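Following: one structure in structure tokens, then a few remarks.
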Protein chains: 2
Amino acid sequence: MQIYFAGSIRGGRNDQEIYSAIINLLKKYGLVLTEHIGDRKLFVTGEARDNREIYDRDMQWIEVADVVVAEVTNPSLGVGYEIGKAECRKPILCLFREQEGKKLSAMISGNKNLTLREYKTTIDIGRILEEFFSRF
Amino acid sequence: MQIYFAGSIRGGRNDQEIYSAIINLLKKYGLVLTEHIGDRKLFVTGEARDNREIYDRDMQWIEVADVVVAEVTNPSLGVGYEIGKAECRKPILCLFREQEGKKLSAMISGNKNLTLREYKTTIDIGRILEEFFSRF
């Protein structure tokens with residue numbers, strides 16, 4: 001199983017540690033194509049390579065991925081874009097952590113083409129992944 | 001000409017005044033379906049209606065729109081998602097205002113399926129729209 005994990009980079013790295021924890025949990029189920037998203041040395045300025053190269057590589061990874069798992073707590077153009085591109089072609093799991101005064105985009109929360117699960121802790125995430133991957 | 005304007009709502013309302021200015025400029029070229037995005041009374045919590053209703057309505061609007069114009073300075077899941085959905089089906093113009101220490105997502109800046117233009121002032125936006133709409 002090849003897994004495309006989507007998380008915020010240039011939208012903000014507040015949740016980098018959570019991304020890293022999710023990626024570690026995902027490794028139980030298959031190969032995580034986008035492991036760099038959890039890297040604590042990857043800053044908000046993003047990877048030091050050409051934007052077109054990043055775009056083409058990520059689109060190829062989405063193409064070959066069997067599933068997309070997206071952490072959607074931090075607003076991110078890239079994560080939203082990737083969900084829009086993968087939708088109706090790949091199963092998508094979105095993970096959301098509720099935060100005071102913030103609401104998830106209706107393009108995600110009102111979207112019946114994806115599976116949305118709320119979590120509080122990484123233990124919750126473990127359970128959610130267990131349930132999600134049991135269908136494959 | 002029917003225009004889908006995309007801007008951040010739940011991702012943050014910092015740029016609401018700019019959205020309002022863009023919408024006013026867009027009216028010269030056609031009907032702006034998403035005029036509410038410029039509303040200063042629309043807060044970060046978003047519209048007071050069911051998320052599924054918002055989603056279905058926005059997807060219908062994208063369907064009927066002739067073009068999509070997106071302001072992409074503020075990270076937003078919804079804006080990214082809408083660009084992903086409209087891509088390769090509608091002409092898309094993305095407007096970006098450079099900000100210190102921030103970089104635009106490679107999913108937008110590295111994407112050759114859309115037109116990306118940087119601006120500093122609303123005068124710049126006026127010129128960019130003039131050029132973009134002259135091809136229709």
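Here, A, B, ... name the chains of the structure tokens in the order displayed, residue numbers run from 1 inside each chain, and ligands are numbered from 1 in the same displayed order.
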
**Contact set, chain A to chain B: 12 Å, only C-alpha atoms, as JSON, numbers by chain** = {"A": [6, 7, 8, 9, 10, 11, 12, 13, 43, 44, 45, 46, 47, 48, 49, 50, 51, 52, 53, 54, 55, 56, 57, 58, 59, 70, 71, 72, 73, 74, 75, 76, 77, 78, 79, 80, 81, 82, 83, 84, 85, 86, 87, 88, 94, 99, 100, 101, 102, 103, 104, 105, 106, 107, 108, 109, 110, 111, 112, 113]}

**Item:** Those of chain A in DSSP alpha helix (DSSP H), formatted as JSON, numbers by chain
**Value:** {"A": [16, 17, 18, 19, 20, 21, 22, 23, 24, 25, 26, 51, 52, 53, 54, 55, 56, 57, 58, 59, 60, 61, 62, 63, 64, 77, 78, 79, 80, 81, 82, 83, 84, 85, 86, 106, 107, 108, 109, 122, 123, 124, 125, 126, 127, 128, 129, 130, 131, 132, 133]}

**Message:** Can you tell me which residues surround Asp39 in chain A at a distance of at most 9 Å, considering only C-alpha atoms, apart from same-chain residues fewer than 4 positions away, and format the answer as a list of chain:residue names?
**Reply:** A:Gln16, A:Glu17, A:Tyr19, A:Ser20, A:Glu35, A:Phe43

Output N, CA and C atoms for every residue in the selection just made, as a PDB file, in the first residue's frame.
```pdb
ATOM      1  N   GLN A  16       4.079  20.305  12.914  1.00  0.00           N
ATOM      2  CA  GLN A  16       5.111  19.392  12.386  1.00  0.00           C
ATOM      3  C   GLN A  16       5.267  18.129  13.236  1.00  0.00           C
ATOM      4  N   GLU A  17       5.234  18.285  14.552  1.00  0.00           N
ATOM      5  CA  GLU A  17       5.434  17.108  15.410  1.00  0.00           C
ATOM      6  C   GLU A  17       4.291  16.100  15.256  1.00  0.00           C
ATOM      7  N   TYR A  19       2.497  15.755  12.498  1.00  0.00           N
ATOM      8  CA  TYR A  19       2.693  15.115  11.184  1.00  0.00           C
ATOM      9  C   TYR A  19       3.682  13.958  11.310  1.00  0.00           C
ATOM     10  N   SER A  20       4.769  14.225  12.046  1.00  0.00           N
ATOM     11  CA  SER A  20       5.794  13.202  12.224  1.00  0.00           C
ATOM     12  C   SER A  20       5.212  11.968  12.931  1.00  0.00           C
ATOM     13  N   GLU A  35       7.300  11.382   3.265  1.00  0.00           N
ATOM     14  CA  GLU A  35       7.820  11.349   4.632  1.00  0.00           C
ATOM     15  C   GLU A  35       8.468  12.679   5.048  1.00  0.00           C
ATOM     16  N   PHE A  43      11.277  23.768   7.008  1.00  0.00           N
ATOM     17  CA  PHE A  43      10.676  24.965   7.579  1.00  0.00           C
ATOM     18  C   PHE A  43       9.545  25.494   6.684  1.00  0.00           C
TER      19      PHE A  43
END
```

**Complete:** CA of Val64 in chain B to CA of Asp15 in chain B measures 25.9 Å

Pose of chain A fitted onto chain B, C-alpha LSQ, given as a compact mmCIF listing (two decimals) with N, CA and C atoms, in the first residue's frame:
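As a result, part.txt now contains:
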```txt
# COMPACT_ATOMS: atom_id res chain seq x y z
N MET A 1 -20.60 36.61 -18.53
CA MET A 1 -19.51 35.86 -17.89
C MET A 1 -19.80 35.66 -16.41
N GLN A 2 -19.73 34.41 -15.93
CA GLN A 2 -19.95 34.12 -14.51
C GLN A 2 -18.60 33.81 -13.86
N ILE A 3 -18.34 34.50 -12.77
CA ILE A 3 -17.02 34.44 -12.14
C ILE A 3 -17.13 33.85 -10.73
N TYR A 4 -16.33 32.81 -10.48
CA TYR A 4 -16.23 32.25 -9.13
C TYR A 4 -15.01 32.88 -8.48
N PHE A 5 -15.22 33.72 -7.47
CA PHE A 5 -14.09 34.30 -6.75
C PHE A 5 -13.84 33.48 -5.49
N ALA A 6 -12.59 33.07 -5.29
CA ALA A 6 -12.22 32.27 -4.12
C ALA A 6 -11.30 33.06 -3.20
N GLY A 7 -11.65 33.12 -1.92
CA GLY A 7 -10.82 33.77 -0.91
C GLY A 7 -11.01 33.06 0.42
N SER A 8 -10.12 33.30 1.35
CA SER A 8 -10.15 32.61 2.63
C SER A 8 -11.31 33.08 3.51
N ILE A 9 -12.01 32.13 4.14
CA ILE A 9 -13.01 32.47 5.15
C ILE A 9 -12.53 31.87 6.49
N ARG A 10 -12.65 30.57 6.63
CA ARG A 10 -12.27 29.94 7.91
C ARG A 10 -10.75 29.87 8.08
N GLY A 11 -10.00 30.06 7.01
CA GLY A 11 -8.53 30.10 7.10
C GLY A 11 -8.04 31.43 7.66
N GLY A 12 -8.95 32.41 7.77
CA GLY A 12 -8.56 33.73 8.31
C GLY A 12 -9.07 34.85 7.43
N ARG A 13 -9.52 35.94 8.07
CA ARG A 13 -10.16 37.04 7.35
C ARG A 13 -9.26 38.28 7.23
N ASN A 14 -7.96 38.10 7.40
CA ASN A 14 -7.03 39.23 7.32
C ASN A 14 -7.18 40.05 6.04
N ASP A 15 -7.51 39.37 4.95
CA ASP A 15 -7.52 40.03 3.64
C ASP A 15 -8.93 40.37 3.15
N GLN A 16 -9.89 40.41 4.07
CA GLN A 16 -11.29 40.66 3.67
C GLN A 16 -11.44 41.93 2.83
N GLU A 17 -10.74 42.99 3.21
CA GLU A 17 -10.89 44.25 2.47
C GLU A 17 -10.37 44.13 1.04
N ILE A 18 -9.31 43.38 0.88
CA ILE A 18 -8.76 43.16 -0.47
C ILE A 18 -9.75 42.32 -1.29
N TYR A 19 -10.33 41.29 -0.67
CA TYR A 19 -11.33 40.48 -1.39
C TYR A 19 -12.46 41.37 -1.89
N SER A 20 -12.91 42.26 -1.00
CA SER A 20 -14.01 43.16 -1.35
C SER A 20 -13.62 44.05 -2.54
N ALA A 21 -12.39 44.56 -2.52
CA ALA A 21 -11.90 45.41 -3.62
C ALA A 21 -11.81 44.61 -4.93
N ILE A 22 -11.33 43.37 -4.84
CA ILE A 22 -11.22 42.53 -6.05
C ILE A 22 -12.61 42.26 -6.63
N ILE A 23 -13.55 41.93 -5.75
CA ILE A 23 -14.92 41.65 -6.21
C ILE A 23 -15.51 42.86 -6.93
N ASN A 24 -15.26 44.04 -6.39
CA ASN A 24 -15.75 45.25 -7.07
C ASN A 24 -15.12 45.42 -8.44
N LEU A 25 -13.83 45.13 -8.56
CA LEU A 25 -13.16 45.21 -9.86
C LEU A 25 -13.70 44.15 -10.82
N LEU A 26 -13.99 42.96 -10.28
CA LEU A 26 -14.46 41.85 -11.12
C LEU A 26 -15.83 42.14 -11.74
N LYS A 27 -16.62 42.96 -11.06
CA LYS A 27 -17.99 43.23 -11.55
C LYS A 27 -17.99 43.88 -12.92
N LYS A 28 -16.88 44.48 -13.30
CA LYS A 28 -16.73 45.07 -14.63
C LYS A 28 -16.80 43.98 -15.72
N TYR A 29 -16.43 42.74 -15.34
CA TYR A 29 -16.29 41.68 -16.34
C TYR A 29 -17.42 40.66 -16.32
N GLY A 30 -18.25 40.69 -15.28
CA GLY A 30 -19.34 39.73 -15.24
C GLY A 30 -19.97 39.62 -13.86
N LEU A 31 -20.73 38.56 -13.68
CA LEU A 31 -21.43 38.33 -12.41
C LEU A 31 -20.52 37.54 -11.46
N VAL A 32 -20.30 38.11 -10.26
CA VAL A 32 -19.49 37.41 -9.25
C VAL A 32 -20.43 36.55 -8.40
N LEU A 33 -20.30 35.24 -8.53
CA LEU A 33 -21.22 34.32 -7.85
C LEU A 33 -21.02 34.32 -6.33
N THR A 34 -19.79 34.57 -5.90
CA THR A 34 -19.41 34.41 -4.49
C THR A 34 -19.17 35.77 -3.82
N GLU A 35 -20.08 36.69 -4.02
CA GLU A 35 -19.87 38.05 -3.52
C GLU A 35 -19.75 38.11 -1.99
N HIS A 36 -20.34 37.13 -1.30
CA HIS A 36 -20.29 37.12 0.18
C HIS A 36 -18.87 37.04 0.74
N ILE A 37 -17.91 36.58 -0.07
CA ILE A 37 -16.54 36.41 0.42
C ILE A 37 -15.91 37.77 0.78
N GLY A 38 -16.39 38.83 0.17
CA GLY A 38 -15.88 40.16 0.49
C GLY A 38 -16.60 40.84 1.65
N ASP A 39 -17.64 40.21 2.19
CA ASP A 39 -18.49 40.83 3.21
C ASP A 39 -17.72 40.98 4.53
N ARG A 40 -17.67 42.23 5.04
CA ARG A 40 -16.92 42.43 6.30
C ARG A 40 -17.66 41.86 7.50
N LYS A 41 -18.91 41.50 7.31
CA LYS A 41 -19.65 40.86 8.42
C LYS A 41 -19.57 39.32 8.37
N LEU A 42 -18.81 38.83 7.41
CA LEU A 42 -18.57 37.38 7.35
C LEU A 42 -17.26 37.10 8.09
N PHE A 43 -17.37 36.42 9.24
CA PHE A 43 -16.21 36.24 10.10
C PHE A 43 -15.53 34.89 9.84
N VAL A 44 -14.47 34.64 10.60
CA VAL A 44 -13.66 33.44 10.42
C VAL A 44 -14.46 32.16 10.70
N THR A 45 -15.56 32.26 11.42
CA THR A 45 -16.39 31.08 11.68
C THR A 45 -17.24 30.72 10.46
N GLY A 46 -17.31 31.63 9.49
CA GLY A 46 -18.00 31.31 8.24
C GLY A 46 -19.49 31.52 8.28
N GLU A 47 -20.15 31.09 7.24
CA GLU A 47 -21.59 31.27 7.12
C GLU A 47 -22.36 30.42 8.13
N ALA A 48 -23.50 30.96 8.59
CA ALA A 48 -24.32 30.24 9.56
C ALA A 48 -25.29 29.33 8.83
N ARG A 49 -24.76 28.39 8.10
CA ARG A 49 -25.63 27.38 7.47
C ARG A 49 -24.89 26.06 7.41
N ASP A 50 -25.62 25.03 7.10
CA ASP A 50 -25.07 23.68 7.12
C ASP A 50 -23.88 23.54 6.17
N ASN A 51 -22.81 22.89 6.65
CA ASN A 51 -21.59 22.74 5.85
C ASN A 51 -21.84 22.02 4.52
N ARG A 52 -22.73 21.05 4.57
CA ARG A 52 -23.02 20.30 3.34
C ARG A 52 -23.72 21.19 2.32
N GLU A 53 -24.61 22.04 2.81
CA GLU A 53 -25.29 23.00 1.92
C GLU A 53 -24.28 23.97 1.28
N ILE A 54 -23.34 24.46 2.10
CA ILE A 54 -22.30 25.37 1.58
C ILE A 54 -21.49 24.64 0.51
N TYR A 55 -21.08 23.43 0.84
CA TYR A 55 -20.28 22.64 -0.09
C TYR A 55 -21.02 22.43 -1.42
N ASP A 56 -22.26 21.98 -1.34
CA ASP A 56 -23.03 21.69 -2.56
C ASP A 56 -23.24 22.96 -3.40
N ARG A 57 -23.56 24.05 -2.73
CA ARG A 57 -23.78 25.32 -3.45
C ARG A 57 -22.48 25.77 -4.13
N ASP A 58 -21.36 25.72 -3.40
CA ASP A 58 -20.09 26.17 -3.99
C ASP A 58 -19.68 25.30 -5.18
N MET A 59 -19.91 24.00 -5.07
CA MET A 59 -19.57 23.10 -6.17
C MET A 59 -20.44 23.39 -7.40
N GLN A 60 -21.70 23.71 -7.16
CA GLN A 60 -22.59 24.09 -8.27
C GLN A 60 -22.12 25.38 -8.93
N TRP A 61 -21.70 26.33 -8.11
CA TRP A 61 -21.20 27.60 -8.64
C TRP A 61 -19.93 27.40 -9.48
N ILE A 62 -19.04 26.54 -8.98
CA ILE A 62 -17.81 26.25 -9.76
C ILE A 62 -18.22 25.63 -11.10
N GLU A 63 -19.20 24.75 -11.04
CA GLU A 63 -19.68 24.07 -12.26
C GLU A 63 -20.15 25.07 -13.32
N VAL A 64 -20.93 26.05 -12.90
CA VAL A 64 -21.49 26.99 -13.88
C VAL A 64 -20.54 28.16 -14.21
N ALA A 65 -19.51 28.35 -13.39
CA ALA A 65 -18.61 29.49 -13.60
C ALA A 65 -17.83 29.36 -14.91
N ASP A 66 -17.59 30.50 -15.56
CA ASP A 66 -16.76 30.51 -16.76
C ASP A 66 -15.28 30.62 -16.41
N VAL A 67 -15.00 31.30 -15.32
CA VAL A 67 -13.61 31.44 -14.85
C VAL A 67 -13.59 31.40 -13.32
N VAL A 68 -12.40 31.05 -12.78
CA VAL A 68 -12.17 31.10 -11.34
C VAL A 68 -11.05 32.11 -11.08
N VAL A 69 -11.31 33.05 -10.19
CA VAL A 69 -10.27 34.00 -9.76
C VAL A 69 -10.05 33.77 -8.27
N ALA A 70 -8.80 33.44 -7.88
CA ALA A 70 -8.53 33.11 -6.48
C ALA A 70 -7.47 34.04 -5.91
N GLU A 71 -7.74 34.58 -4.71
CA GLU A 71 -6.72 35.33 -4.00
C GLU A 71 -6.03 34.32 -3.09
N VAL A 72 -4.72 34.13 -3.26
CA VAL A 72 -4.01 33.01 -2.62
C VAL A 72 -2.95 33.44 -1.60
N THR A 73 -3.05 34.67 -1.10
CA THR A 73 -2.03 35.13 -0.15
C THR A 73 -2.19 34.44 1.20
N ASN A 74 -3.42 34.33 1.68
CA ASN A 74 -3.68 33.71 2.98
C ASN A 74 -3.90 32.21 2.81
N PRO A 75 -3.12 31.37 3.52
CA PRO A 75 -3.33 29.93 3.39
C PRO A 75 -4.78 29.55 3.69
N SER A 76 -5.37 28.70 2.87
CA SER A 76 -6.77 28.33 3.01
C SER A 76 -7.02 26.98 2.37
N LEU A 77 -7.57 26.06 3.15
CA LEU A 77 -7.91 24.74 2.61
C LEU A 77 -8.95 24.86 1.51
N GLY A 78 -9.98 25.71 1.75
CA GLY A 78 -11.07 25.85 0.79
C GLY A 78 -10.59 26.38 -0.55
N VAL A 79 -9.76 27.42 -0.53
CA VAL A 79 -9.26 28.01 -1.78
C VAL A 79 -8.41 26.97 -2.53
N GLY A 80 -7.55 26.27 -1.81
CA GLY A 80 -6.73 25.23 -2.45
C GLY A 80 -7.60 24.15 -3.06
N TYR A 81 -8.60 23.72 -2.30
CA TYR A 81 -9.52 22.68 -2.77
C TYR A 81 -10.24 23.12 -4.05
N GLU A 82 -10.76 24.35 -4.05
CA GLU A 82 -11.52 24.85 -5.20
C GLU A 82 -10.64 24.94 -6.44
N ILE A 83 -9.38 25.33 -6.26
CA ILE A 83 -8.46 25.37 -7.40
C ILE A 83 -8.25 23.95 -7.94
N GLY A 84 -8.05 23.01 -7.02
CA GLY A 84 -7.87 21.61 -7.44
C GLY A 84 -9.06 21.07 -8.21
N LYS A 85 -10.27 21.44 -7.77
CA LYS A 85 -11.48 20.96 -8.44
C LYS A 85 -11.71 21.62 -9.80
N ALA A 86 -11.37 22.91 -9.91
CA ALA A 86 -11.66 23.65 -11.15
C ALA A 86 -10.59 23.43 -12.22
N GLU A 87 -9.43 23.01 -11.80
CA GLU A 87 -8.28 22.91 -12.69
C GLU A 87 -8.53 22.00 -13.89
N CYS A 88 -8.01 22.43 -15.02
CA CYS A 88 -8.12 21.71 -16.30
C CYS A 88 -9.54 21.75 -16.86
N ARG A 89 -10.47 22.43 -16.15
CA ARG A 89 -11.84 22.52 -16.64
C ARG A 89 -12.24 23.97 -16.85
N LYS A 90 -11.64 24.88 -16.07
CA LYS A 90 -11.94 26.31 -16.15
C LYS A 90 -10.62 27.07 -16.17
N PRO A 91 -10.60 28.24 -16.84
CA PRO A 91 -9.41 29.10 -16.70
C PRO A 91 -9.33 29.60 -15.25
N ILE A 92 -8.14 29.58 -14.66
CA ILE A 92 -7.96 30.01 -13.27
C ILE A 92 -6.91 31.11 -13.19
N LEU A 93 -7.26 32.20 -12.55
CA LEU A 93 -6.30 33.27 -12.27
C LEU A 93 -6.06 33.32 -10.77
N CYS A 94 -4.78 33.21 -10.36
CA CYS A 94 -4.43 33.32 -8.94
C CYS A 94 -3.71 34.64 -8.70
N LEU A 95 -4.14 35.37 -7.69
CA LEU A 95 -3.54 36.65 -7.33
C LEU A 95 -2.80 36.49 -6.01
N PHE A 96 -1.53 36.90 -6.01
CA PHE A 96 -0.69 36.70 -4.81
C PHE A 96 0.05 37.98 -4.45
N ARG A 97 0.02 38.30 -3.16
CA ARG A 97 0.73 39.47 -2.64
C ARG A 97 1.90 38.96 -1.79
N GLU A 98 3.10 39.30 -2.19
CA GLU A 98 4.28 38.78 -1.46
C GLU A 98 4.32 39.34 -0.04
N GLN A 99 4.67 38.47 0.91
CA GLN A 99 4.78 38.89 2.31
C GLN A 99 6.06 38.32 2.91
N GLU A 100 6.70 39.14 3.73
CA GLU A 100 8.00 38.74 4.26
C GLU A 100 7.95 37.42 5.02
N GLY A 101 8.90 36.57 4.73
CA GLY A 101 9.01 35.30 5.45
C GLY A 101 8.00 34.25 5.03
N LYS A 102 7.16 34.60 4.03
CA LYS A 102 6.16 33.63 3.58
C LYS A 102 6.35 33.30 2.12
N LYS A 103 6.10 32.04 1.80
CA LYS A 103 6.19 31.63 0.39
C LYS A 103 4.89 30.96 -0.02
N LEU A 104 4.54 31.18 -1.27
CA LEU A 104 3.31 30.57 -1.80
C LEU A 104 3.51 29.07 -1.98
N SER A 105 2.47 28.29 -1.73
CA SER A 105 2.51 26.84 -1.92
C SER A 105 3.02 26.48 -3.31
N ALA A 106 3.87 25.46 -3.38
CA ALA A 106 4.37 24.99 -4.68
C ALA A 106 3.24 24.37 -5.52
N MET A 107 2.14 24.00 -4.87
CA MET A 107 1.00 23.46 -5.62
C MET A 107 0.35 24.56 -6.46
N ILE A 108 0.63 25.82 -6.11
CA ILE A 108 0.14 26.95 -6.89
C ILE A 108 1.30 27.52 -7.73
N SER A 109 2.41 27.81 -7.08
CA SER A 109 3.51 28.49 -7.79
C SER A 109 4.21 27.58 -8.80
N GLY A 110 4.10 26.25 -8.62
CA GLY A 110 4.75 25.34 -9.56
C GLY A 110 3.78 24.73 -10.54
N ASN A 111 2.58 25.27 -10.58
CA ASN A 111 1.47 24.66 -11.34
C ASN A 111 1.24 25.41 -12.65
N LYS A 112 1.51 24.71 -13.76
CA LYS A 112 1.41 25.40 -15.06
C LYS A 112 -0.01 25.39 -15.65
N ASN A 113 -0.95 24.80 -14.91
CA ASN A 113 -2.35 24.78 -15.38
C ASN A 113 -3.12 26.03 -15.00
N LEU A 114 -2.46 26.96 -14.33
CA LEU A 114 -3.15 28.19 -13.94
C LEU A 114 -2.29 29.41 -14.23
N THR A 115 -2.93 30.58 -14.21
CA THR A 115 -2.23 31.84 -14.41
C THR A 115 -1.99 32.46 -13.04
N LEU A 116 -0.73 32.68 -12.70
CA LEU A 116 -0.39 33.27 -11.40
C LEU A 116 0.19 34.66 -11.62
N ARG A 117 -0.36 35.64 -10.91
CA ARG A 117 0.13 37.02 -11.02
C ARG A 117 0.34 37.62 -9.63
N GLU A 118 1.48 38.26 -9.44
CA GLU A 118 1.75 38.93 -8.17
C GLU A 118 1.30 40.38 -8.24
N TYR A 119 0.81 40.88 -7.11
CA TYR A 119 0.38 42.28 -7.04
C TYR A 119 0.86 42.91 -5.74
N LYS A 120 0.91 44.22 -5.75
CA LYS A 120 1.20 44.96 -4.51
C LYS A 120 0.00 45.81 -4.12
N THR A 121 -0.64 46.42 -5.11
CA THR A 121 -1.75 47.34 -4.84
C THR A 121 -2.99 46.93 -5.64
N THR A 122 -4.12 47.55 -5.30
CA THR A 122 -5.34 47.26 -6.07
C THR A 122 -5.22 47.82 -7.50
N ILE A 123 -4.37 48.81 -7.70
CA ILE A 123 -4.14 49.30 -9.07
C ILE A 123 -3.50 48.18 -9.91
N ASP A 124 -2.55 47.48 -9.30
CA ASP A 124 -1.95 46.31 -9.99
C ASP A 124 -3.04 45.30 -10.34
N ILE A 125 -3.93 45.04 -9.38
CA ILE A 125 -4.98 44.04 -9.62
C ILE A 125 -5.84 44.46 -10.81
N GLY A 126 -6.19 45.74 -10.87
CA GLY A 126 -6.97 46.25 -12.00
C GLY A 126 -6.30 45.92 -13.33
N ARG A 127 -5.01 46.17 -13.41
CA ARG A 127 -4.26 45.89 -14.65
C ARG A 127 -4.23 44.39 -14.98
N ILE A 128 -4.02 43.59 -13.92
CA ILE A 128 -3.94 42.13 -14.10
C ILE A 128 -5.28 41.59 -14.62
N LEU A 129 -6.38 42.06 -14.04
CA LEU A 129 -7.71 41.60 -14.49
C LEU A 129 -7.97 42.03 -15.93
N GLU A 130 -7.60 43.26 -16.24
CA GLU A 130 -7.75 43.78 -17.61
C GLU A 130 -7.07 42.85 -18.61
N GLU A 131 -5.85 42.47 -18.30
CA GLU A 131 -5.08 41.59 -19.20
C GLU A 131 -5.71 40.19 -19.25
N PHE A 132 -6.07 39.65 -18.08
CA PHE A 132 -6.61 38.30 -18.01
C PHE A 132 -7.93 38.17 -18.78
N PHE A 133 -8.82 39.14 -18.59
CA PHE A 133 -10.16 39.03 -19.22
C PHE A 133 -10.15 39.44 -20.70
N SER A 134 -9.05 40.07 -21.15
CA SER A 134 -8.98 40.47 -22.57
C SER A 134 -8.95 39.27 -23.50
N ARG A 135 -8.62 38.09 -22.97
CA ARG A 135 -8.54 36.91 -23.85
C ARG A 135 -9.89 36.26 -24.11
N PHE A 136 -10.93 36.71 -23.43
CA PHE A 136 -12.24 36.06 -23.61
C PHE A 136 -13.10 36.83 -24.63
```

**Request:** Using DSSP on the backbone coordinates, identify all residues within range 12-119 of chain A classified as strand (DSSP E); present the result as a list in words.
**Result:** Leu31, Val32, Val67, Val68, Val69, Ala70, Glu71, Ile92, Leu93, Cys94, Leu95, Phe96, Thr115, Leu116, Arg117 and Glu118 of chain A

Restricted to N, CA, C and O atoms, what would the selected residues look like written as a compact mmCIF listing (two decimals), in the first residue's frame?
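The file below, selection31.txt, is the result:
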```txt
# COMPACT_ATOMS: atom_id res chain seq x y z
N LEU A 31 3.89 2.15 2.60
CA LEU A 31 4.99 3.09 2.33
C LEU A 31 4.43 4.52 2.28
O LEU A 31 3.52 4.81 1.50
N VAL A 32 5.00 5.40 3.11
CA VAL A 32 4.59 6.81 3.10
C VAL A 32 5.47 7.56 2.09
O VAL A 32 6.68 7.71 2.29
N VAL A 67 -3.99 5.50 -1.25
CA VAL A 67 -4.85 6.31 -0.38
C VAL A 67 -4.16 7.66 -0.09
O VAL A 67 -2.94 7.77 -0.19
N VAL A 68 -4.99 8.65 0.28
CA VAL A 68 -4.48 9.94 0.72
C VAL A 68 -4.94 10.15 2.17
O VAL A 68 -6.12 9.98 2.47
N VAL A 69 -3.98 10.47 3.04
CA VAL A 69 -4.31 10.81 4.43
C VAL A 69 -3.86 12.25 4.63
O VAL A 69 -2.69 12.58 4.40
N ALA A 70 -4.80 13.14 5.02
CA ALA A 70 -4.48 14.56 5.15
C ALA A 70 -4.75 15.05 6.56
O ALA A 70 -5.80 14.76 7.12
N GLU A 71 -3.78 15.77 7.14
CA GLU A 71 -4.02 16.43 8.41
C GLU A 71 -4.50 17.83 8.05
O GLU A 71 -3.78 18.59 7.38
N ILE A 92 -9.84 9.05 0.64
CA ILE A 92 -9.19 10.14 1.38
C ILE A 92 -9.64 10.13 2.83
O ILE A 92 -10.84 10.12 3.11
N LEU A 93 -8.68 10.14 3.74
CA LEU A 93 -8.97 10.28 5.17
C LEU A 93 -8.44 11.64 5.62
O LEU A 93 -7.25 11.93 5.44
N CYS A 94 -9.33 12.46 6.22
CA CYS A 94 -8.90 13.75 6.77
C CYS A 94 -8.93 13.68 8.28
O CYS A 94 -9.94 13.26 8.87
N LEU A 95 -7.86 14.13 8.91
CA LEU A 95 -7.74 14.13 10.37
C LEU A 95 -7.78 15.58 10.85
O LEU A 95 -6.99 16.41 10.38
N PHE A 96 -8.67 15.85 11.80
CA PHE A 96 -8.86 17.24 12.27
C PHE A 96 -8.86 17.31 13.79
O PHE A 96 -9.52 16.51 14.45
N THR A 115 -13.54 10.80 4.05
CA THR A 115 -13.78 10.38 5.42
C THR A 115 -13.12 11.39 6.35
O THR A 115 -11.91 11.61 6.25
N LEU A 116 -13.91 12.02 7.20
CA LEU A 116 -13.38 13.02 8.13
C LEU A 116 -13.48 12.49 9.56
O LEU A 116 -14.55 12.05 9.98
N ARG A 117 -12.37 12.53 10.28
CA ARG A 117 -12.36 12.07 11.67
C ARG A 117 -11.67 13.10 12.56
O ARG A 117 -10.61 13.60 12.22
N GLU A 118 -12.29 13.39 13.69
CA GLU A 118 -11.68 14.32 14.65
C GLU A 118 -10.86 13.54 15.67
O GLU A 118 -11.23 12.43 16.05
```
